[in-house]
file protein.cif (mmCIF, C-alpha atoms)
data_start
#
loop_
_atom_site.label_atom_id
_atom_site.label_comp_id
_atom_site.auth_asym_id
_atom_site.auth_seq_id
_atom_site.Cartn_x
_atom_site.Cartn_y
_atom_site.Cartn_z
CA MET H 1 13.32 -2.07 22.47
CA SER H 2 14.30 0.71 20.16
CA GLU H 3 12.70 4.09 20.09
CA ILE H 4 9.53 4.77 18.19
CA LYS H 5 10.03 7.13 15.30
CA LYS H 6 8.30 10.43 15.97
CA ILE H 7 5.98 11.46 13.17
CA LYS H 8 3.94 14.50 14.08
CA ASN H 9 2.98 15.74 10.65
CA LEU H 10 3.55 15.10 7.00
CA LYS H 11 6.42 17.59 6.73
CA GLU H 12 8.31 15.80 9.45
CA PHE H 13 7.45 12.43 7.87
CA SER H 14 8.80 13.59 4.51
CA THR H 15 12.36 13.67 5.87
CA SER H 16 12.31 9.85 5.87
CA ALA H 17 14.61 8.07 3.44
CA ASP H 18 12.74 5.42 1.47
CA ARG H 19 13.92 1.84 1.69
CA PHE H 20 11.84 0.79 -1.28
CA GLU H 21 13.27 1.74 -4.66
CA GLY H 22 11.82 3.08 -7.86
CA ALA H 23 11.94 1.36 -11.25
CA ASN H 24 10.01 -1.55 -9.84
CA LEU H 25 7.49 -2.88 -12.36
CA LEU H 26 4.25 -2.17 -10.51
CA CYS H 27 1.58 -0.49 -12.66
CA PRO H 28 1.59 3.32 -12.70
CA GLY H 29 -0.71 4.44 -9.90
CA CYS H 30 -0.51 1.16 -7.96
CA ALA H 31 -1.43 1.54 -4.29
CA HIS H 32 0.80 -1.39 -3.29
CA SER H 33 3.95 0.70 -3.16
CA ILE H 34 2.19 3.53 -1.31
CA ILE H 35 1.34 0.99 1.40
CA VAL H 36 4.84 -0.51 1.42
CA ARG H 37 6.40 2.95 1.73
CA GLU H 38 4.14 3.90 4.62
CA VAL H 39 4.95 0.66 6.45
CA LEU H 40 8.74 0.88 5.90
CA ASN H 41 8.92 4.59 6.73
CA ALA H 42 7.03 4.11 9.99
CA THR H 43 10.24 2.93 11.64
CA ASN H 44 13.99 3.55 11.45
CA ASP H 45 14.83 0.07 12.71
CA ASP H 46 16.28 -2.70 10.58
CA MET H 47 13.66 -4.78 8.86
CA ILE H 48 13.34 -8.39 7.81
CA LEU H 49 10.71 -8.64 5.12
CA SER H 50 9.07 -11.24 2.98
CA ALA H 51 6.56 -11.12 0.18
CA ALA H 52 4.27 -13.91 -0.87
CA THR H 53 3.82 -14.47 -4.60
CA GLY H 54 1.71 -11.71 -6.02
CA CYS H 55 2.00 -8.38 -7.76
CA LEU H 56 4.34 -6.99 -5.14
CA GLU H 57 6.74 -9.91 -5.33
CA VAL H 58 6.91 -10.34 -9.12
CA CYS H 59 7.28 -6.61 -9.70
CA THR H 60 9.96 -5.82 -7.14
CA ALA H 61 12.30 -8.76 -7.68
CA VAL H 62 12.74 -9.09 -11.43
CA TYR H 63 16.13 -10.61 -12.11
CA PRO H 64 18.70 -9.00 -12.06
CA TYR H 65 17.13 -6.26 -9.97
CA THR H 66 15.78 -5.92 -6.46
CA SER H 67 13.79 -2.93 -5.24
CA TRP H 68 14.28 -3.62 -1.54
CA ASP H 69 16.89 -1.89 0.62
CA ALA H 70 16.22 -4.21 3.55
CA SER H 71 16.59 -7.96 4.00
CA TRP H 72 13.85 -9.46 1.89
CA ILE H 73 12.93 -13.02 1.04
CA HIS H 74 10.49 -14.73 -1.26
CA ILE H 75 9.84 -18.46 -1.13
CA GLY H 76 6.41 -19.56 -2.26
CA PHE H 77 2.86 -18.39 -2.66
CA GLU H 78 1.65 -19.62 0.68
CA ASN H 79 4.58 -19.33 3.06
CA GLY H 80 5.66 -15.69 3.09
CA SER H 81 4.39 -15.42 6.65
CA THR H 82 6.19 -18.55 7.89
CA ALA H 83 9.47 -17.44 6.29
CA VAL H 84 9.42 -14.33 8.46
CA ALA H 85 8.17 -16.31 11.46
CA GLY H 86 11.16 -18.63 11.04
CA ALA H 87 13.55 -15.69 10.92
CA GLU H 88 11.95 -14.32 14.05
CA ALA H 89 12.29 -17.63 15.89
CA MET H 90 15.95 -17.83 14.80
CA HIS H 91 16.62 -14.29 15.99
CA LYS H 92 15.07 -15.06 19.35
CA ALA H 93 17.03 -18.28 19.74
CA LEU H 94 20.38 -16.65 18.87
CA LYS H 95 19.63 -13.76 21.17
CA ASN H 96 18.89 -16.08 24.07
CA LYS H 97 22.19 -17.87 23.48
CA GLY H 98 24.02 -14.55 23.22
CA ARG H 99 25.29 -15.35 19.74
CA LEU H 100 23.91 -12.30 17.92
CA LYS H 101 26.69 -10.31 16.28
CA GLN H 102 24.77 -7.06 16.60
CA ASP H 103 22.53 -6.16 19.45
CA ARG H 104 19.72 -4.77 17.35
CA ASP H 105 16.15 -5.95 17.19
CA PRO H 106 14.78 -5.80 13.67
CA LYS H 107 11.11 -5.59 12.78
CA PHE H 108 9.64 -8.64 11.10
CA VAL H 109 7.05 -7.91 8.44
CA SER H 110 5.50 -10.18 5.83
CA PHE H 111 3.62 -8.72 2.90
CA ALA H 112 1.01 -10.70 1.01
CA GLY H 113 -1.84 -10.00 -1.32
CA ASP H 114 -5.41 -10.93 -0.49
CA GLY H 115 -5.07 -14.15 -2.48
CA ALA H 116 -2.04 -15.23 -0.47
CA SER H 117 -3.72 -14.32 2.82
CA TYR H 118 -7.43 -14.97 2.50
CA ASP H 119 -7.14 -18.18 0.44
CA ILE H 120 -3.81 -19.81 -0.30
CA GLY H 121 -1.66 -18.74 2.64
CA PHE H 122 -4.43 -18.83 5.20
CA GLN H 123 -3.35 -22.02 6.97
CA TRP H 124 0.23 -20.73 7.30
CA ILE H 125 -0.84 -17.36 8.69
CA SER H 126 -3.15 -19.10 11.11
CA GLY H 127 -0.17 -21.21 12.25
CA CYS H 128 2.04 -18.15 12.77
CA PHE H 129 -0.64 -16.45 14.82
CA GLU H 130 -1.31 -19.55 16.87
CA ARG H 131 2.41 -19.88 17.70
CA GLY H 132 2.53 -16.21 18.62
CA HIS H 133 5.56 -15.00 16.66
CA ASP H 134 6.49 -11.35 17.15
CA MET H 135 5.77 -10.29 13.59
CA MET H 136 3.43 -8.27 11.46
CA HIS H 137 1.45 -9.57 8.52
CA VAL H 138 0.36 -6.86 6.07
CA VAL H 139 -2.31 -7.76 3.54
CA LEU H 140 -2.38 -5.66 0.38
CA ASP H 141 -6.08 -6.17 -0.17
CA ASN H 142 -6.99 -5.43 -3.77
CA GLU H 143 -9.92 -7.85 -3.71
CA VAL H 144 -8.77 -9.88 -6.71
CA TYR H 145 -5.85 -12.04 -7.98
CA ALA H 146 -4.47 -9.09 -9.93
CA ASN H 147 -1.11 -10.70 -10.77
CA THR H 148 -2.58 -13.58 -12.77
CA GLY H 149 -5.24 -11.61 -14.61
CA GLY H 150 -8.07 -10.87 -12.22
CA GLN H 151 -9.50 -14.13 -10.88
CA ARG H 152 -11.86 -13.85 -7.93
CA SER H 153 -10.48 -14.40 -4.44
CA SER H 154 -12.46 -14.81 -1.23
CA SER H 155 -11.92 -11.09 -0.69
CA THR H 156 -13.80 -10.14 -3.88
CA PRO H 157 -17.05 -8.38 -2.97
CA ILE H 158 -20.52 -9.26 -4.29
CA GLY H 159 -21.31 -7.96 -7.77
CA SER H 160 -17.70 -7.42 -8.83
CA SER H 161 -16.87 -8.73 -12.28
CA ALA H 162 -13.75 -10.93 -12.18
CA THR H 163 -12.38 -13.17 -14.93
CA THR H 164 -13.59 -16.33 -13.16
CA SER H 165 -16.89 -14.74 -12.18
CA PRO H 166 -17.66 -12.52 -15.17
CA ALA H 167 -20.76 -10.37 -15.35
CA GLY H 168 -23.05 -10.90 -18.31
CA ARG H 169 -26.60 -11.64 -19.36
CA ILE H 170 -27.16 -14.38 -16.77
CA SER H 171 -24.76 -13.48 -13.96
CA TYR H 172 -24.02 -10.27 -12.10
CA GLY H 173 -20.49 -11.41 -11.33
CA GLU H 174 -19.13 -12.50 -7.96
CA LYS H 175 -21.87 -13.99 -5.76
CA GLN H 176 -20.11 -14.51 -2.43
CA ASN H 177 -19.51 -11.74 0.03
CA LYS H 178 -16.06 -10.75 1.26
CA LYS H 179 -14.59 -12.87 4.02
CA ASP H 180 -14.41 -11.08 7.37
CA MET H 181 -10.70 -11.72 7.79
CA LEU H 182 -10.25 -9.26 10.67
CA ALA H 183 -12.74 -11.11 12.85
CA ILE H 184 -11.00 -14.40 12.06
CA MET H 185 -7.56 -13.05 12.95
CA ALA H 186 -8.87 -11.34 16.08
CA ALA H 187 -10.33 -14.69 17.12
CA HIS H 188 -6.78 -16.08 17.05
CA GLY H 189 -6.16 -13.89 20.07
CA SER H 190 -3.87 -11.53 18.20
CA PRO H 191 -2.89 -8.49 20.31
CA TYR H 192 -3.65 -6.12 17.47
CA VAL H 193 -5.52 -6.37 14.19
CA ALA H 194 -6.42 -3.31 12.16
CA GLN H 195 -7.93 -2.31 8.87
CA VAL H 196 -6.12 0.61 7.23
CA ALA H 197 -6.10 2.53 3.96
CA PRO H 198 -3.09 4.30 2.40
CA ASN H 199 -5.03 7.50 1.72
CA LYS H 200 -5.53 7.97 5.49
CA TRP H 201 -1.78 7.99 6.06
CA LYS H 202 -1.80 9.28 9.62
CA ASN H 203 -4.27 6.65 10.70
CA MET H 204 -2.18 4.04 8.94
CA ILE H 205 1.15 5.11 10.48
CA LYS H 206 -0.47 5.06 13.91
CA ALA H 207 -1.75 1.54 13.36
CA ILE H 208 1.61 0.31 12.01
CA GLN H 209 3.59 1.88 14.86
CA HIS H 210 1.20 0.41 17.39
CA GLY H 211 1.63 -2.93 15.66
CA PHE H 212 5.43 -2.67 15.93
CA GLU H 213 5.15 -1.74 19.58
CA VAL H 214 3.08 -4.67 20.80
CA GLU H 215 4.58 -8.08 21.25
CA GLY H 216 2.99 -10.88 19.26
CA PRO H 217 1.52 -11.44 15.82
CA VAL H 218 -0.14 -8.37 14.33
CA PHE H 219 -2.50 -8.44 11.38
CA ILE H 220 -2.94 -5.37 9.16
CA ASN H 221 -5.47 -5.36 6.33
CA ALA H 222 -4.58 -2.50 3.98
CA MET H 223 -6.88 -1.57 1.15
CA SER H 224 -4.98 -1.37 -2.12
CA ALA H 225 -6.97 0.19 -4.96
CA CYS H 226 -5.99 -1.65 -8.16
CA THR H 227 -6.11 0.54 -11.25
CA THR H 228 -5.91 -2.46 -13.61
CA GLU H 229 -8.54 -4.77 -12.12
CA TRP H 230 -10.89 -2.23 -10.54
CA LYS H 231 -10.70 -0.41 -13.86
CA PHE H 232 -10.12 3.25 -13.17
CA ALA H 233 -7.57 5.80 -14.40
CA PRO H 234 -4.16 5.58 -12.63
CA GLU H 235 -4.31 9.15 -11.30
CA ASP H 236 -7.54 8.37 -9.41
CA THR H 237 -6.01 5.88 -6.95
CA ILE H 238 -6.27 8.25 -3.99
CA ALA H 239 -9.71 9.54 -5.03
CA ILE H 240 -11.09 5.97 -5.23
CA SER H 241 -9.51 5.11 -1.87
CA ASP H 242 -11.16 8.21 -0.40
CA LEU H 243 -14.51 7.08 -1.80
CA ALA H 244 -14.04 3.61 -0.30
CA THR H 245 -13.29 4.91 3.18
CA ASP H 246 -15.86 7.73 3.10
CA SER H 247 -18.68 5.52 1.82
CA LEU H 248 -17.83 3.03 4.62
CA VAL H 249 -17.41 0.20 2.10
CA PHE H 250 -14.01 -0.14 3.71
CA PRO H 251 -14.43 0.97 7.33
CA LEU H 252 -11.22 1.63 9.27
CA TYR H 253 -11.13 0.02 12.68
CA GLU H 254 -8.89 -1.95 15.00
CA ILE H 255 -9.43 -4.82 17.43
CA ILE H 256 -7.17 -4.96 20.47
CA ASN H 257 -6.45 -8.31 22.15
CA GLY H 258 -9.21 -9.92 20.15
CA GLU H 259 -11.93 -8.19 22.08
CA LYS H 260 -11.88 -4.39 22.18
CA LEU H 261 -12.99 -2.81 18.92
CA ASN H 262 -12.25 0.85 18.10
CA ILE H 263 -13.37 2.70 15.01
CA THR H 264 -10.31 4.71 13.94
CA TYR H 265 -11.81 6.84 11.20
CA ARG H 266 -15.27 8.41 11.01
CA PRO H 267 -15.98 10.25 7.77
CA LYS H 268 -17.41 13.75 8.19
CA ASN H 269 -19.70 13.34 5.20
CA VAL H 270 -20.72 9.79 4.41
CA VAL H 271 -20.81 9.24 0.65
CA PRO H 272 -23.46 6.91 -0.84
CA VAL H 273 -22.08 3.51 -1.89
CA GLU H 274 -23.43 4.18 -5.39
CA GLU H 275 -20.71 6.81 -5.95
CA TYR H 276 -18.00 4.33 -5.02
CA LEU H 277 -19.45 1.70 -7.35
CA ALA H 278 -19.95 4.16 -10.22
CA ALA H 279 -16.29 5.17 -10.18
CA GLN H 280 -15.06 1.67 -11.07
CA GLY H 281 -15.34 -0.39 -14.26
CA ARG H 282 -15.68 -3.69 -12.38
CA PHE H 283 -19.15 -2.60 -11.13
CA LYS H 284 -20.30 -1.06 -14.41
CA HIS H 285 -22.95 -3.73 -15.05
CA LEU H 286 -24.67 -3.01 -11.72
CA PHE H 287 -26.08 0.17 -13.26
CA LYS H 288 -28.12 -1.80 -15.82
CA ASP H 289 -31.82 -1.91 -14.94
CA GLN H 290 -31.87 -5.64 -14.20
CA TYR H 291 -29.07 -5.43 -11.59
CA LYS H 292 -29.92 -2.10 -9.97
CA TYR H 293 -31.43 -3.84 -6.94
CA LEU H 294 -27.89 -4.96 -6.05
CA ILE H 295 -26.78 -1.38 -5.38
CA LYS H 296 -29.56 -1.06 -2.81
CA GLU H 297 -28.46 -4.34 -1.24
CA TRP H 298 -24.86 -3.05 -1.15
CA GLN H 299 -25.94 0.06 0.71
CA GLU H 300 -27.95 -2.00 3.20
CA ARG H 301 -25.03 -4.34 3.79
CA VAL H 302 -22.62 -1.46 4.36
CA ASP H 303 -25.03 0.28 6.75
CA GLN H 304 -25.56 -2.94 8.64
CA LYS H 305 -21.84 -3.52 9.04
CA TRP H 306 -21.25 0.08 10.18
CA ASP H 307 -24.08 -0.26 12.68
CA TYR H 308 -22.56 -3.49 13.96
CA LEU H 309 -19.12 -1.89 14.35
CA GLN H 310 -20.57 1.07 16.22
CA ARG H 311 -22.50 -1.18 18.57
CA ARG H 312 -19.36 -3.20 19.26
CA GLU H 313 -17.33 -0.07 19.90
CA GLU H 314 -19.95 1.29 22.28
CA ALA H 315 -20.15 -1.94 24.23
CA SER H 316 -16.34 -2.18 24.01
CA VAL H 317 -16.40 -5.87 23.10
CA MET A 318 26.78 -6.61 -14.68
CA GLU A 319 26.99 -10.22 -15.65
CA ASN A 320 23.86 -11.43 -17.42
CA ASN A 321 23.07 -15.08 -16.78
CA GLY A 322 20.65 -17.22 -18.77
CA TRP A 323 17.76 -18.88 -16.96
CA ASN A 324 19.57 -22.23 -16.76
CA GLU A 325 22.77 -20.72 -15.35
CA PHE A 326 20.82 -18.97 -12.64
CA GLU A 327 21.24 -20.71 -9.31
CA ILE A 328 18.23 -21.67 -7.23
CA GLY A 329 18.12 -19.63 -4.08
CA ALA A 330 19.91 -16.65 -5.55
CA MET A 331 20.77 -13.62 -3.50
CA LEU A 332 20.94 -10.07 -4.78
CA ARG A 333 22.68 -7.34 -2.86
CA SER A 334 21.09 -3.90 -2.78
CA PHE A 335 24.31 -2.10 -1.89
CA ASP A 336 28.02 -2.42 -2.53
CA GLY A 337 29.88 -3.09 0.66
CA ALA A 338 28.49 -2.81 4.15
CA ALA A 339 25.31 -0.79 4.48
CA THR A 340 24.24 0.48 7.86
CA ASN A 341 21.63 3.03 8.89
CA ILE A 342 20.01 3.00 5.48
CA ALA A 343 16.79 4.30 7.06
CA THR A 344 18.48 7.63 7.75
CA THR A 345 20.61 7.84 4.60
CA HIS A 346 19.14 9.56 1.57
CA THR A 347 19.57 8.24 -1.95
CA GLU A 348 22.47 10.56 -2.87
CA ASP A 349 24.60 9.16 -0.03
CA ARG A 350 23.87 5.51 -0.65
CA ASN A 351 26.25 3.13 -2.35
CA TYR A 352 23.86 1.33 -4.70
CA SER A 353 24.94 -1.89 -6.35
CA ASN A 354 24.18 -2.70 -9.98
CA SER A 355 21.43 -5.09 -8.94
CA ASN A 356 19.42 -2.40 -7.18
CA SER A 357 16.47 -1.31 -9.29
CA PHE A 358 17.38 2.29 -8.41
CA THR A 359 20.07 2.00 -11.09
CA ALA A 360 17.41 1.10 -13.70
CA SER A 361 14.91 3.46 -15.26
CA VAL A 362 11.23 3.29 -16.17
CA ALA A 363 11.18 6.70 -17.82
CA ASP A 364 10.11 5.13 -21.12
CA TRP A 365 6.77 4.05 -19.56
CA ARG A 366 5.65 7.67 -19.47
CA ILE A 367 3.32 9.31 -21.96
CA GLU A 368 2.86 12.40 -19.85
CA LYS A 369 5.30 13.83 -17.33
CA PRO A 370 4.62 15.95 -14.25
CA LEU A 371 6.28 19.37 -14.24
CA PHE A 372 6.89 21.19 -11.01
CA ASN A 373 6.42 24.91 -10.46
CA LYS A 374 7.96 25.81 -7.13
CA ASP A 375 6.41 29.30 -7.09
CA TYR A 376 3.05 27.88 -6.05
CA CYS A 377 4.25 24.98 -3.87
CA ILE A 378 3.33 25.15 -0.19
CA ASP A 379 5.40 22.07 0.77
CA CYS A 380 2.40 20.16 2.06
CA GLN A 381 4.12 16.91 0.95
CA PHE A 382 0.91 15.22 -0.22
CA CYS A 383 2.69 14.37 -3.48
CA TRP A 384 5.57 12.85 -1.53
CA ILE A 385 3.43 10.53 0.60
CA TYR A 386 1.16 9.41 -2.24
CA CYS A 387 3.80 8.94 -4.94
CA PRO A 388 3.91 5.20 -5.68
CA ASP A 389 7.34 5.40 -7.31
CA MET A 390 9.43 7.29 -4.76
CA SER A 391 9.85 9.97 -7.45
CA ILE A 392 9.06 13.09 -5.46
CA ILE A 393 12.31 14.32 -3.99
CA SER A 394 11.89 16.00 -0.62
CA ARG A 395 14.77 17.23 1.49
CA ASP A 396 14.58 19.17 4.76
CA LYS A 397 10.77 19.32 4.60
CA LYS A 398 10.93 20.99 1.17
CA MET A 399 9.77 19.51 -2.10
CA ILE A 400 12.60 20.04 -4.56
CA GLY A 401 11.64 18.19 -7.69
CA VAL A 402 10.61 15.06 -9.55
CA ASP A 403 12.91 12.10 -10.17
CA MET A 404 12.36 11.60 -13.90
CA ASP A 405 14.24 8.28 -14.02
CA HIS A 406 11.69 6.52 -11.83
CA CYS A 407 8.47 8.45 -12.50
CA LYS A 408 5.95 6.38 -14.45
CA GLY A 409 3.68 9.34 -15.13
CA CYS A 410 0.63 8.06 -13.24
CA GLY A 411 -0.48 11.59 -12.31
CA ILE A 412 -1.37 10.98 -8.66
CA CYS A 413 0.84 13.90 -7.54
CA VAL A 414 -1.11 16.29 -9.75
CA GLU A 415 -4.46 14.99 -8.47
CA VAL A 416 -3.55 15.38 -4.80
CA CYS A 417 -1.90 18.81 -5.17
CA PRO A 418 -4.07 21.23 -3.15
CA THR A 419 -2.75 24.59 -4.40
CA ASN A 420 -4.54 26.92 -6.82
CA PRO A 421 -3.24 26.86 -9.50
CA LYS A 422 -1.67 23.42 -9.02
CA SER A 423 2.08 23.46 -8.55
CA LEU A 424 2.39 20.15 -10.43
CA LEU A 425 0.80 19.63 -13.84
CA MET A 426 0.93 16.86 -16.41
CA TYR A 427 2.44 17.72 -19.79
CA ALA A 428 3.24 15.66 -22.86
CA GLU A 429 6.62 13.96 -22.58
CA GLN A 430 8.19 16.17 -25.28
CA GLN A 431 7.00 19.44 -23.67
CA ASP A 432 9.78 21.94 -23.00
CA GLU A 433 9.97 22.73 -19.30
CA ASP A 434 10.79 26.46 -19.64
CA VAL A 435 7.90 27.04 -22.03
CA ALA A 436 5.49 25.21 -19.71
CA LEU A 437 6.63 27.22 -16.69
CA ALA A 438 6.25 30.49 -18.61
CA GLU A 439 2.71 29.57 -19.64
CA TRP A 440 1.61 28.18 -16.26
CA PRO A 441 -2.16 28.63 -15.74
CA GLU A 442 -3.41 31.54 -13.66
CA LYS A 443 -5.29 31.17 -10.39
CA GLU A 444 -8.85 29.98 -10.93
CA THR A 445 -11.50 32.05 -9.26
CA LYS A 446 -14.70 30.43 -8.11
CA GLU A 447 -17.83 31.56 -9.94
CA LYS A 448 -20.59 32.51 -7.60
#
call {"tool": "encode", "arguments": {"input": "protein.cif", "output": "structure tokens"}}
result
Amino acid sequence: MSEIKKIKNLKEFSTSADRFEGANLLCPGCAHSIIVREVLNATNDDMILSAATGCLEVCTAVYPYTSWDASWIHIGFENGSTAVAGAEAMHKALKNKGRLKQDRDPKFVSFAGDGASYDIGFQWISGCFERGHDMMHVVLDNEVYANTGGQRSSSTPIGSSATTSPAGRISYGEKQNKKDMLAIMAAHGSPYVAQVAPNKWKNMIKAIQHGFEVEGPVFINAMSACTTEWKFAPEDTIAISDLATDSLVFPLYEIINGEKLNITYRPKNVVPVEEYLAAQGRFKHLFKDQYKYLIKEWQERVDQKWDYLQRREEASV
Amino acid sequence: MENNGWNEFEIGAMLRSFDGAATNIATTHTEDRNYSNSNSFTASVADWRIEKPLFNKDYCIDCQFCWIYCPDMSIISRDKKMIGVDMDHCKGCGICVEVCPTNPKSLLMYAEQQDEDVALAEWPEKETKEK
């Protein structure tokens, strides 16, 4: 195993050389590339990457350009994870036979949006985790199919207005709650699953490096604030992410070996969920009198979840 | 570079990021890399910008918040120092200005046609808190 890159503080981290290039076509202020940068810069090892169809893939591989300075592959919407799993199996086989030209162990990472992980690629990811490949699956969770114009995915939270679940006179938008993907992946017996956010970079780097360190399939759910579909100004990406983590709408925690849950970030001042909702255009309709009860329900749901996480951490199960 | 039409483009195409062999890219900064023509680094998105960030190094404390949160790899940092903005790849989103903690901010958004020297000469003064 190669050495873990030492990152004590941001100044030291800033000496990293990016392996993800500019002039990609992601929207200004997109959190996707902040996440990708933090993942790629967490290690100095070679990387074998894939991206499932989604914003990240269509924006970074527009013919005749590529924005990736590492081996990168795209195949289909659903099988980004299996492409990397296949590469990992190949690497292992060649290594066992002593036929590797270079004696270096790369890191295997597949990127996918929430659509390609929660819905379309779910079966494939489940397969990779069941077979126990030594890889990492990073979900760029923007809670909507942003690439195709904002259709709801099973990650879209209640009350959000998406193009296939629009808010109006009769409906308040999306009616199903977000899928608890972390619990599902932890139940696969994965050695490490974690929920991270790019605005808490230190927390995120720690999670990623831990994920690289352990052997086996690692699942990382990274919140990616989407300026286009969440409807906020591009410069507010970090502010909105801060609101999401501080209001506990997006709690940061990890589950080790499918059983031990740790909360990795506890906000000093918990912000009411209302502030998080008010900052985004997709929840604008919730502030009409007829839908105001939903904000109260949101708060209750978030409190309940936080309470549940704390109880699990305390009991260390 | 050769431009192919969609029907001349082979299925399963491969693009190379660098010319020739590339090793230890993770420790090589952009100026020492041998980019190929198919690397998006050689392209520019400068025409996306309406406003551009200007950098005043007098107030910078090298906290590197702008570097970590820049989505376009456009903050150039070398040896733990922030040295400037890469105007070829900056899309003008303004995140760097929002996360800048100094007072006054050492990065500010200006209209694209703003002259840099004039902006630096007229940089805002430190804001004092009203009690």
call {"tool": "interface_residues", "arguments": {"input": "protein.cif", "of": "chain A", "to": "chain H", "cutoff": "7 Å", "atoms": "all atoms listed in the file", "output": "number ranges by chain"}}
result
A: 332, 334, 343-346, 355-358, 360-362, 380-381, 384, 386-390, 394-397, 406, 408-412, 415
call {"tool": "resolve_selection", "arguments": {"input": "protein.cif", "expression": "the PyMOL selection byres ((chain H and resi 163) around 10)", "output": "list in words"}}
result
Val144, Tyr145, Gly149, Gly150, Gln151, Arg152, Ser160, Ser161, Ala162, Thr164, Ser165, Pro166, Ala167, Gly173, Glu174 and Glu229 of chain H
call {"tool": "atom_distance", "arguments": {"input": "protein.cif", "atom1": "CA of Asp434 (chain A)", "atom2": "CA of Asp349 (chain A)"}}
result
29.6 Å
call {"tool": "atom_distance", "arguments": {"input": "protein.cif", "atom1": "CA of Gly54 (chain H)", "atom2": "CA of Gly168 (chain H)"}}
result
27.7 Å
call {"tool": "resolve_selection", "arguments": {"input": "protein.cif", "expression": "the PyMOL selection byres ((chain H and resi 77) around 6)", "output": "short mmCIF file (atom, residue, chain, number, x, y, z; two decimals) with C-alpha atoms, keeping the file's coordinate frame"}}
result
data_model
loop_
_atom_site.label_atom_id
_atom_site.label_comp_id
_atom_site.auth_asym_id
_atom_site.auth_seq_id
_atom_site.Cartn_x
_atom_site.Cartn_y
_atom_site.Cartn_z
CA ALA H 52 4.27 -13.91 -0.87
CA THR H 53 3.82 -14.47 -4.60
CA GLY H 76 6.41 -19.56 -2.26
CA GLU H 78 1.65 -19.62 0.68
#
call {"tool": "atom_distance", "arguments": {"input": "protein.cif", "atom1": "CA of Ser241 (chain H)", "atom2": "CA of Tyr291 (chain H)"}}
result
24.3 Å
call {"tool": "closest_residue", "arguments": {"input": "protein.cif", "among": "H:Asn269, H:Asn147, H:His285, H:Val196", "to": "Ser171 (chain H)", "atoms": "only C-alpha atoms"}}
result
H:His285
call {"tool": "resolve_selection", "arguments": {"input": "protein.cif", "expression": "the PyMOL selection byres ((chain A and resi 352) around 7)", "output": "list in words"}}
result
Ser334, Phe335, Asp336, Arg350, Asn351, Ser353, Asn354 and Asn356 of chain A
call {"tool": "residues_around", "arguments": {"input": "protein.cif", "residues": "Asn203 (chain H)", "least_positions_apart": "3", "cutoff": "12 Å", "atoms": "only C-alpha atoms", "output": "mmCIF file with C-alpha atoms, keeping the file's coordinate frame"}}
result
data_model
loop_
_atom_site.group_PDB
_atom_site.id
_atom_site.type_symbol
_atom_site.label_atom_id
_atom_site.label_comp_id
_atom_site.auth_asym_id
_atom_site.auth_seq_id
_atom_site.Cartn_x
_atom_site.Cartn_y
_atom_site.Cartn_z
ATOM 1 C CA ILE H 7 5.980 11.460 13.170
ATOM 2 C CA LYS H 8 3.940 14.500 14.080
ATOM 3 C CA ASN H 9 2.980 15.740 10.650
ATOM 4 C CA GLU H 38 4.140 3.900 4.620
ATOM 5 C CA VAL H 39 4.950 0.660 6.450
ATOM 6 C CA ALA H 42 7.030 4.110 9.990
ATOM 7 C CA ALA H 194 -6.420 -3.310 12.160
ATOM 8 C CA GLN H 195 -7.930 -2.310 8.870
ATOM 9 C CA VAL H 196 -6.120 0.610 7.230
ATOM 10 C CA ALA H 197 -6.100 2.530 3.960
ATOM 11 C CA PRO H 198 -3.090 4.300 2.400
ATOM 12 C CA ASN H 199 -5.030 7.500 1.720
ATOM 13 C CA LYS H 200 -5.530 7.970 5.490
ATOM 14 C CA LYS H 206 -0.470 5.060 13.910
ATOM 15 C CA ALA H 207 -1.750 1.540 13.360
ATOM 16 C CA ILE H 208 1.610 0.310 12.010
ATOM 17 C CA GLN H 209 3.590 1.880 14.860
ATOM 18 C CA HIS H 210 1.200 0.410 17.390
ATOM 19 C CA ALA H 222 -4.580 -2.500 3.980
ATOM 20 C CA THR H 245 -13.290 4.910 3.180
ATOM 21 C CA LEU H 252 -11.220 1.630 9.270
ATOM 22 C CA TYR H 253 -11.130 0.020 12.680
ATOM 23 C CA GLU H 254 -8.890 -1.950 15.000
ATOM 24 C CA ILE H 263 -13.370 2.700 15.010
ATOM 25 C CA THR H 264 -10.310 4.710 13.940
ATOM 26 C CA TYR H 265 -11.810 6.840 11.200
ATOM 27 C CA ARG H 266 -15.270 8.410 11.010
#
call {"tool": "closest_residue", "arguments": {"input": "protein.cif", "among": "A:Cys407, A:Ala436, A:Ile328, A:Val414", "to": "Ile367 (chain A)", "atoms": "all atoms listed in the file"}}
result
A:Cys407
call {"tool": "closest_residue", "arguments": {"input": "protein.cif", "among": "A:Glu348, A:Glu325, A:Glu442, A:Asp364", "to": "Glu429 (chain A)", "atoms": "all atoms listed in the file"}}
result
A:Asp364
